[in-house]
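Below is one structure, written out as structure tokens; the observations come after it.
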Amino acid sequence: MEPCLAVRETMPVQITVLRGTNLKGSKAESLLNVRVEFNTAVLGDSPKLEQSAEQGVEFNFTCRFDCSEGLNTLDDLAHKPVILTLVEILPKEKKQKEEKTITLGQAVVDLLPLLQGQHTFTTTVTLHPAPGSPTETSMAEGSKPILEVAVSVPDALLSDAQLTDSNLFRVSVETAYSVPEVWSTTGPQFSYMACLQVPVSLEKEQLLFFPSGVLKPGGEREPVPRPKKWTSGLILAPGAQYIPASFIEEGPAEGEDGELSGPEYREFCAEAESTKKRVSWDTERRFFMDPASQACLVKRVSDCRYWPVEFMRAPLATTTKGKAAKGDEDVQISFHGVAYVDMAPLLYPGVKRIRGAYHILPFSEIDLYTKTKRQGSILKEYLRQASQTGRGTAPTAIGSSQFRGAPGKISKDDKGPKDNAKKLSIQPLVQKPQGSDSVVEFETIAPPNPEGQMYAEAGSYIVIEVALDKPLVRKRPPEELTKRVAELIPPRPAIPRRTAGAEKAVKDFHGQVASVAGLVLEQYQELFGGALAQGELPLDPSAQEERKAKLLGELNYSGKYFAFKEQLKHSVVRIVREKLLKTTTFPSQEELQAFLSQLYIFLVDQMHISLNKTLSVDVPETETQPFTDCAQLKHFAREAEVNEDYELAAMYYQERLARDRSNPDHWFDYGAFCLLISDHAKAEDCFHHAVAIDQRHLHSLLLCGVLAEMRGCFADAETFFESGTCVEPSSVLAWTMLGLYSEAQGNEIRAEMAFLEAAKWMKAEAGEGSVTQAVGEPLPSEGKSTQLQEGATVSEEGVPVTEREERDVEVEAESVVSEAEQTAAVSQPEPAVLKPCENAPCHNNTIYMEAAKFLLQANALQFAQRALAQDLLSPEGGTSCSYYLALARLHLQRRDFDSADQNLQEALHVNQENPDVWALIGHLHYMRRDFHEARECYRRNLDFVTDASEMHPVYLRLGTIYLQEDQFEKAKLTFLRACKNSPSCLSWLGLGTACYRLGELTEAEDALAEANILNNRNPEVWGYLSLVCLQTGRQLEAEQSYKYAVKLKLKSEALLQEIHALQQRVGFGNPAF
């Protein structure tokens, strides 16, 4: 056997059987001894000792074996136990030449602790009785026979570095269910075998053989948990075949990695596992791996993710006499089947175990090559070699074998003299040249496998577990990722607001005045409280002066007056230094007196302010709030983006930051805007600010990763994406973004892991009806509003949508006034964004579509294109309406109108009743300046029973078209709906314009006043206000409005000419003449 890892030197392993307890032979006068075996070799027999059930047997027998590279390797220690056999030596009878012995039982010692860094350990093992031995009686009586064993080595078998770099590979073949019905538990008995190969190096592979499968009838489920068995066949005692502390534990079906983990297989599997026949192995083979073997394993899995596990059924009693010289054609495999185990999950970061059920398929040479790029059956090759050496079929004692040939091929050294002339009928005869990606062409058709076909007909499957002590691909822990992100973007703790300087000094003085006032009131209560309560306190001025004098006298007499002065002194000194900025001496007495007069006036004023606050019973005044909040500012910024007024949009974003720079959402939104205008450096700086404020801000972490990849900093990008999955492990968006990045980097296995994780969480959210935020939903901000791109309208949350019935109601001019008054009366309107209609047509979104929506609204177009490409290829996605709609939005943001038009036509072909499609077609025509077609699309959009995801730009643009076509009544109704749903400066301006054109000057002025409140820097609002004032004869207001319109650079020449003409007609309004 090829060694897996060379020990530092030949190391003796010492086995000491210390004592036995509850050992009982068939006769009291018989002797006992223990035989120690390892790796098919007998290490020694202990002395023959008398048995003593009460005191036990002190064996104190020591034996040893050498652990080296050639014999008794580390891999042998991993999967082979030390077998202890207790033997009873019966006393000699008359005429008996030799002693008669009886095997009482066996125990096994697992040497795995030696491979885990221990150099000595003591264990107590149970002696399992052999069939028919007296030990069975003691077990039935409740006293377990046990042996105490010590194992030691002079020094640790592995150094610390070797221990860190090594690994333990475990393969457990559990049970095959729903096996062919022709298999019977009566009649001739068969052995059921399974095998697979594990790479030892690039040239050699280790054959892991699992013999002795047991056919069981149906009727009951396999118990869980149940112990796993050793692969060694030398253990005779039934109970000793189990590996200590190693059990088969069944987990939820959703967590399995096999081919039958889906819900569609649950009913079939439940029936098969309870009622149908099965073959049980429950055997585990442990394989010790050094770093080279692990690297080889990673490479093999990367090259071919599917590993074949072959199965067969063979008679228990077979003979091959006279057949050893025959060729390959004599090797017959009964019920030859194969299961393809997907080993790729072992390359997922942090994964140490895969377990699942895999279909057993009829073995086919063509299918084997297609799936695994291997040629030839490893089971057939092994049996062929066994037949040539005269061993017949594989004995049940074999647990592994070194396969001498290259994987999946027949070694030339093993071919007989007739091999060149005689080939298997399934041997590939014609192959493509080396380096071709095409599969091997088979000149002959593989012979039928009717026995193997029974597996497919019966729906047979097998449960296999593959586990490692350490993951092949290390997963960075959250602590390491958090530390790395903090190194890239140092966290910025929020600076607490502290009042200091002059403001702090004045507040301290107010506090001291209030405190002294309270103490004076307490003194007054002590002096006059009783009389005041009884109503005997006179209120005439002389009596008040008398009480005042008495109060002052009491304060002076008690010393409280001077205490009060001392209490106020420090705060007065602070005011002099901090507020009045006087810290030096006065050069003259006159300046001192002037300063004292100033100080006295200031202190008296502040004392009155403090006393008024302290003694006032009125409700304290609240600070005046601005007319717009941050959510409205964001809405106004999105609106400006729709109109391509990026300077105005930047102003709104910057105003949000000025109001609260410690809100990461504000930085994120500003960064997304910078991506829109292609200012990538500024965008990255904004996202870094957001992460510095909140290291767990998911969306900013993801966009930091996107921009890091665009700069070519792939290590940093990977850190940001991984950190996103640790910040929110259940985030579909985070896992999808990690998958898109890994796919772009060519790491297909990691991308697959991320996509599977994202799909799992999306399925969990859909199944549980979770109300938590799903990925791809609006960006994190006050209203969670979605970006209004150049026609790319995405759902937003905010004010509820207006009822459809209101659309056809004629709105009189008075209603406009009342709406304006109501809006002005509300201290803060709701966030000026729309919530998606609950009845809007929806689609079964995939993880890629959710990521694409997020990326489109964040203006990360390169990643959005990747997400849409994955959605097109995914089975759940494809050419759906939502796909074409998202792709059209992508092209609109790139101003590729022809491609967007083509995508929208495809979306319309899929679903003609989707209002979002018609809204986006209208935006496309509007951006092309085809206002007639845009109007028709918008009107059709309004005719649907359900609204589009975002109606605000539809209302604004439709109303603008109506104004251009002089349909002022329709424009008025359209803008009024916009003002009701999501008021903004532009919606009120459009309403005011329509009312002015209709001659409704009062309503127009009210609407323009609302527009001016929301944005007093819009020149058109001032221009129309000037027109209204000119029409109503208000000269001063007309001139003031006109000056603001000119100052703000009114660009509409038509509006300027109209103002000038009206000024000339009325004779005022322009201060220039």
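Here, A, B, ... name the chains of the structure tokens in the order displayed, residue numbers run from 1 inside each chain, and ligands are numbered from 1 in the same displayed order.
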
Using only C-alpha atoms, determine which residues lie at most 9 Å from A:Ala344, disregarding the query and same-chain residues fewer than 4 positions distant; provide the list as a ChimeraX atom specification. /A:301-302,304-306,348,749

Taking 3 positions as the minimum chain separation for residues in the same chain, which residues sit within 9 Å of A:Tyr242 when counting only C-alpha atoms? Answer as a PyMOL selection string. chain A and resi 108+227-230+238-239+245-246+283

A:Trp918: which residues within 8 Å, counting only C-alpha atoms, same-chain residues fewer than 5 positions away excluded, as number ranges by chain? A: 937-938, 940-941

Residues of the last selection are to be written out with C-alpha atoms, as an mmCIF file, in the first residue's frame.
data_model
loop_
_atom_site.group_PDB
_atom_site.id
_atom_site.type_symbol
_atom_site.label_atom_id
_atom_site.label_comp_id
_atom_site.auth_asym_id
_atom_site.auth_seq_id
_atom_site.Cartn_x
_atom_site.Cartn_y
_atom_site.Cartn_z
ATOM 1 C CA CYS A 937 -48.910 54.662 -24.196
ATOM 2 C CA TYR A 938 -49.454 56.693 -21.024
ATOM 3 C CA ARG A 940 -53.316 53.102 -22.170
ATOM 4 C CA ASN A 941 -51.351 52.655 -18.973
#

Pick from A:Glu284, A:Glu950, A:Glu647, A:Glu148 nearest to A:Glu465, counting only C-alpha atoms: A:Glu284

DSSP-assigned alpha helix (DSSP H) members of stretch 883-932 of chain A, reported as a ChimeraX atom specification: /A:883-893,897-910,915-927,931-932

Grab the residues selected above and save them as a short mmCIF file (atom, residue, chain, number, x, y, z; two decimals), in the first residue's frame with N, CA, C and O atoms.
data_model
loop_
_atom_site.label_atom_id
_atom_site.label_comp_id
_atom_site.auth_asym_id
_atom_site.auth_seq_id
_atom_site.Cartn_x
_atom_site.Cartn_y
_atom_site.Cartn_z
N TYR A 883 -37.83 39.64 -17.49
CA TYR A 883 -36.48 39.69 -18.05
C TYR A 883 -36.37 40.77 -19.12
O TYR A 883 -35.45 41.59 -19.10
N TYR A 884 -37.30 40.76 -20.07
CA TYR A 884 -37.26 41.77 -21.12
C TYR A 884 -37.43 43.18 -20.55
O TYR A 884 -36.82 44.14 -21.04
N LEU A 885 -38.25 43.30 -19.52
CA LEU A 885 -38.48 44.60 -18.92
C LEU A 885 -37.19 45.12 -18.26
O LEU A 885 -36.81 46.29 -18.43
N ALA A 886 -36.52 44.26 -17.51
CA ALA A 886 -35.27 44.67 -16.87
C ALA A 886 -34.19 44.97 -17.91
O ALA A 886 -33.41 45.94 -17.76
N LEU A 887 -34.14 44.17 -18.96
CA LEU A 887 -33.14 44.41 -20.00
C LEU A 887 -33.42 45.73 -20.73
O LEU A 887 -32.48 46.46 -21.09
N ALA A 888 -34.69 46.05 -20.92
CA ALA A 888 -35.03 47.33 -21.54
C ALA A 888 -34.60 48.50 -20.64
O ALA A 888 -34.10 49.52 -21.13
N ARG A 889 -34.78 48.35 -19.34
CA ARG A 889 -34.33 49.40 -18.43
C ARG A 889 -32.81 49.57 -18.48
O ARG A 889 -32.29 50.69 -18.42
N LEU A 890 -32.12 48.46 -18.61
CA LEU A 890 -30.67 48.53 -18.73
C LEU A 890 -30.27 49.31 -19.98
O LEU A 890 -29.40 50.20 -19.93
N HIS A 891 -30.91 49.03 -21.11
CA HIS A 891 -30.58 49.74 -22.35
C HIS A 891 -31.02 51.20 -22.29
O HIS A 891 -30.35 52.07 -22.87
N LEU A 892 -32.11 51.47 -21.60
CA LEU A 892 -32.52 52.87 -21.47
C LEU A 892 -31.49 53.67 -20.67
O LEU A 892 -31.20 54.82 -21.00
N GLN A 893 -30.96 53.07 -19.62
CA GLN A 893 -29.95 53.78 -18.84
C GLN A 893 -28.69 54.01 -19.66
O GLN A 893 -27.97 54.98 -19.43
N PHE A 897 -31.62 53.24 -27.37
CA PHE A 897 -33.06 53.23 -27.54
C PHE A 897 -33.53 52.11 -28.46
O PHE A 897 -34.60 51.53 -28.25
N ASP A 898 -32.75 51.78 -29.46
CA ASP A 898 -33.18 50.72 -30.41
C ASP A 898 -33.26 49.37 -29.69
O ASP A 898 -34.23 48.62 -29.86
N SER A 899 -32.23 49.04 -28.91
CA SER A 899 -32.26 47.77 -28.18
C SER A 899 -33.38 47.75 -27.15
O SER A 899 -34.05 46.74 -26.97
N ALA A 900 -33.58 48.90 -26.48
CA ALA A 900 -34.66 48.96 -25.50
C ALA A 900 -36.01 48.76 -26.17
O ALA A 900 -36.88 48.06 -25.65
N ASP A 901 -36.18 49.36 -27.34
CA ASP A 901 -37.44 49.19 -28.07
C ASP A 901 -37.66 47.74 -28.45
O ASP A 901 -38.77 47.19 -28.31
N GLN A 902 -36.62 47.07 -28.89
CA GLN A 902 -36.74 45.65 -29.25
C GLN A 902 -37.11 44.80 -28.04
O GLN A 902 -37.98 43.92 -28.12
N ASN A 903 -36.48 45.06 -26.90
CA ASN A 903 -36.79 44.30 -25.68
C ASN A 903 -38.22 44.55 -25.22
O ASN A 903 -38.91 43.63 -24.77
N LEU A 904 -38.68 45.78 -25.33
CA LEU A 904 -40.04 46.10 -24.89
C LEU A 904 -41.08 45.45 -25.81
O LEU A 904 -42.14 45.04 -25.34
N GLN A 905 -40.77 45.35 -27.07
CA GLN A 905 -41.70 44.66 -27.97
C GLN A 905 -41.78 43.17 -27.63
O GLN A 905 -42.85 42.56 -27.69
N GLU A 906 -40.63 42.58 -27.25
CA GLU A 906 -40.64 41.19 -26.82
C GLU A 906 -41.45 41.03 -25.53
O GLU A 906 -42.21 40.07 -25.37
N ALA A 907 -41.27 41.97 -24.60
CA ALA A 907 -42.04 41.91 -23.36
C ALA A 907 -43.52 42.06 -23.64
O ALA A 907 -44.36 41.39 -23.01
N LEU A 908 -43.86 42.92 -24.57
CA LEU A 908 -45.27 43.12 -24.93
C LEU A 908 -45.84 41.87 -25.58
O LEU A 908 -47.02 41.53 -25.38
N HIS A 909 -45.01 41.16 -26.32
CA HIS A 909 -45.46 39.91 -26.94
C HIS A 909 -45.75 38.84 -25.88
O HIS A 909 -46.67 38.04 -26.03
N VAL A 910 -44.98 38.87 -24.78
CA VAL A 910 -45.20 37.90 -23.70
C VAL A 910 -46.43 38.26 -22.88
O VAL A 910 -47.24 37.40 -22.53
N PRO A 915 -48.83 46.76 -17.06
CA PRO A 915 -48.75 48.23 -17.12
C PRO A 915 -47.33 48.75 -17.08
O PRO A 915 -47.06 49.82 -17.62
N ASP A 916 -46.40 48.02 -16.47
CA ASP A 916 -45.02 48.48 -16.44
C ASP A 916 -44.42 48.53 -17.85
O ASP A 916 -43.62 49.41 -18.16
N VAL A 917 -44.81 47.58 -18.69
CA VAL A 917 -44.30 47.57 -20.06
C VAL A 917 -44.78 48.80 -20.81
O VAL A 917 -44.01 49.49 -21.48
N TRP A 918 -46.07 49.10 -20.70
CA TRP A 918 -46.61 50.25 -21.40
C TRP A 918 -46.04 51.55 -20.84
O TRP A 918 -45.79 52.50 -21.60
N ALA A 919 -45.81 51.62 -19.55
CA ALA A 919 -45.20 52.82 -18.98
C ALA A 919 -43.79 53.02 -19.53
O ALA A 919 -43.41 54.15 -19.89
N LEU A 920 -43.03 51.93 -19.62
CA LEU A 920 -41.66 52.06 -20.11
C LEU A 920 -41.64 52.38 -21.60
O LEU A 920 -40.76 53.13 -22.07
N ILE A 921 -42.59 51.85 -22.37
CA ILE A 921 -42.67 52.21 -23.79
C ILE A 921 -42.98 53.70 -23.92
O ILE A 921 -42.43 54.40 -24.78
N GLY A 922 -43.87 54.18 -23.06
CA GLY A 922 -44.16 55.62 -23.07
C GLY A 922 -42.93 56.45 -22.75
O GLY A 922 -42.66 57.47 -23.40
N HIS A 923 -42.14 56.02 -21.77
CA HIS A 923 -40.91 56.75 -21.44
C HIS A 923 -39.94 56.72 -22.61
O HIS A 923 -39.25 57.73 -22.88
N LEU A 924 -39.86 55.59 -23.30
CA LEU A 924 -38.96 55.49 -24.44
C LEU A 924 -39.36 56.50 -25.53
O LEU A 924 -38.51 57.22 -26.07
N HIS A 925 -40.65 56.57 -25.85
CA HIS A 925 -41.10 57.53 -26.86
C HIS A 925 -40.90 58.96 -26.36
O HIS A 925 -40.56 59.86 -27.17
N TYR A 926 -41.10 59.19 -25.11
CA TYR A 926 -40.91 60.55 -24.57
C TYR A 926 -39.45 60.98 -24.70
O TYR A 926 -39.16 62.13 -25.05
N MET A 927 -38.54 60.07 -24.40
CA MET A 927 -37.12 60.40 -24.52
C MET A 927 -36.70 60.56 -25.97
O MET A 927 -35.72 61.26 -26.26
N PHE A 931 -43.85 62.61 -28.77
CA PHE A 931 -44.82 62.85 -27.70
C PHE A 931 -46.19 62.25 -28.01
O PHE A 931 -46.92 61.88 -27.09
N HIS A 932 -46.54 62.15 -29.29
CA HIS A 932 -47.85 61.59 -29.63
C HIS A 932 -47.93 60.11 -29.22
O HIS A 932 -48.89 59.68 -28.56
#

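When atom CA of A:Ser1052 is paired with atom CA of A:Asp896, their separation reads 28.5 Å.
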
Could you name the residues that touch stretch 567-582 of chain A at 10 Å or less, counting only C-alpha atoms, but leaving out those on the same chain fewer than 4 positions away, as a PyMOL selection string? chain A and resi 500-513+515-516+561-563+586+595+598-599+602-603

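The shortest atom-to-atom distance to A:Pro244, with only C-alpha atoms taken into account, belongs to A:Asp110 out of A:Asp165, A:Asp943, A:Glu480, A:Asp110.
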
With a distance cut-off of 9 Å and only C-alpha atoms, select the neighbouring residues of A:His128, excluding the residue or stretch itself and same-chain residues fewer than 6 positions from it, and output the selection as a list of chain:residue names. A:Leu104, A:Gly105, A:Gln106, A:Ala107, A:Thr135, A:Glu136, A:Met139, A:Lys144, A:Pro145, A:Ile146, A:Ala237, A:Pro238, A:Gly239, A:Ala240

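Selecting strand (DSSP E or B) from the backbone DSSP output for stretch 440-526 of chain A yields Glu441, Tyr461, Ile462, Val463, Ile464, Glu465, Val466, Ala467 and Leu468 of chain A.
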
Residue nearest A:Arg957 - candidates A:Thr974, A:Asn22, A:Gln1035, A:Gln523, atoms counted: only C-alpha atoms: A:Thr974

Residues near A:Met289, cut-off 7 Å, only C-alpha atoms, skip fewer than 6 positions along chain, as JSON, numbers by chain: {"A": [4, 166, 167, 168, 169]}

Selection export as a JSON list (two decimals), in the first residue's frame, atoms kept: all heavy atoms:
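Saved the output as out.json:
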[["chain", "number", "residue", "atom", "x", "y", "z"],
["A", 4, "CYS", "N", 0.51, 7.40, 2.70],
["A", 4, "CYS", "CA", -0.12, 8.69, 2.48],
["A", 4, "CYS", "C", 0.74, 9.82, 3.00],
["A", 4, "CYS", "O", 0.77, 10.90, 2.45],
["A", 4, "CYS", "CB", -1.48, 8.74, 3.18],
["A", 4, "CYS", "SG", -2.68, 7.65, 2.43],
["A", 166, "SER", "N", -2.55, 18.07, 7.68],
["A", 166, "SER", "CA", -3.15, 16.79, 7.30],
["A", 166, "SER", "C", -4.67, 16.84, 7.44],
["A", 166, "SER", "O", -5.23, 17.78, 7.99],
["A", 166, "SER", "CB", -2.58, 15.67, 8.16],
["A", 166, "SER", "OG", -2.90, 15.88, 9.53],
["A", 167, "ASN", "N", -5.32, 15.81, 6.93],
["A", 167, "ASN", "CA", -6.78, 15.75, 6.95],
["A", 167, "ASN", "C", -7.21, 14.29, 6.99],
["A", 167, "ASN", "O", -6.43, 13.39, 6.68],
["A", 167, "ASN", "CB", -7.37, 16.44, 5.72],
["A", 167, "ASN", "CG", -8.74, 17.04, 5.99],
["A", 167, "ASN", "OD1", -9.44, 16.59, 6.89],
["A", 167, "ASN", "ND2", -9.11, 18.05, 5.22],
["A", 168, "LEU", "N", -8.44, 14.08, 7.38],
["A", 168, "LEU", "CA", -9.00, 12.73, 7.43],
["A", 168, "LEU", "C", -10.24, 12.70, 6.54],
["A", 168, "LEU", "O", -11.20, 13.45, 6.75],
["A", 168, "LEU", "CB", -9.36, 12.35, 8.85],
["A", 168, "LEU", "CG", -9.61, 10.85, 9.09],
["A", 168, "LEU", "CD1", -8.32, 10.06, 8.88],
["A", 168, "LEU", "CD2", -10.14, 10.61, 10.49],
["A", 169, "PHE", "N", -10.19, 11.86, 5.54],
["A", 169, "PHE", "CA", -11.24, 11.73, 4.54],
["A", 169, "PHE", "C", -12.08, 10.51, 4.89],
["A", 169, "PHE", "O", -11.56, 9.40, 5.02],
["A", 169, "PHE", "CB", -10.61, 11.58, 3.15],
["A", 169, "PHE", "CG", -11.57, 11.56, 2.02],
["A", 169, "PHE", "CD1", -12.15, 12.73, 1.54],
["A", 169, "PHE", "CD2", -11.89, 10.37, 1.38],
["A", 169, "PHE", "CE1", -13.03, 12.71, 0.48],
["A", 169, "PHE", "CE2", -12.77, 10.33, 0.32],
["A", 169, "PHE", "CZ", -13.34, 11.50, -0.12]]
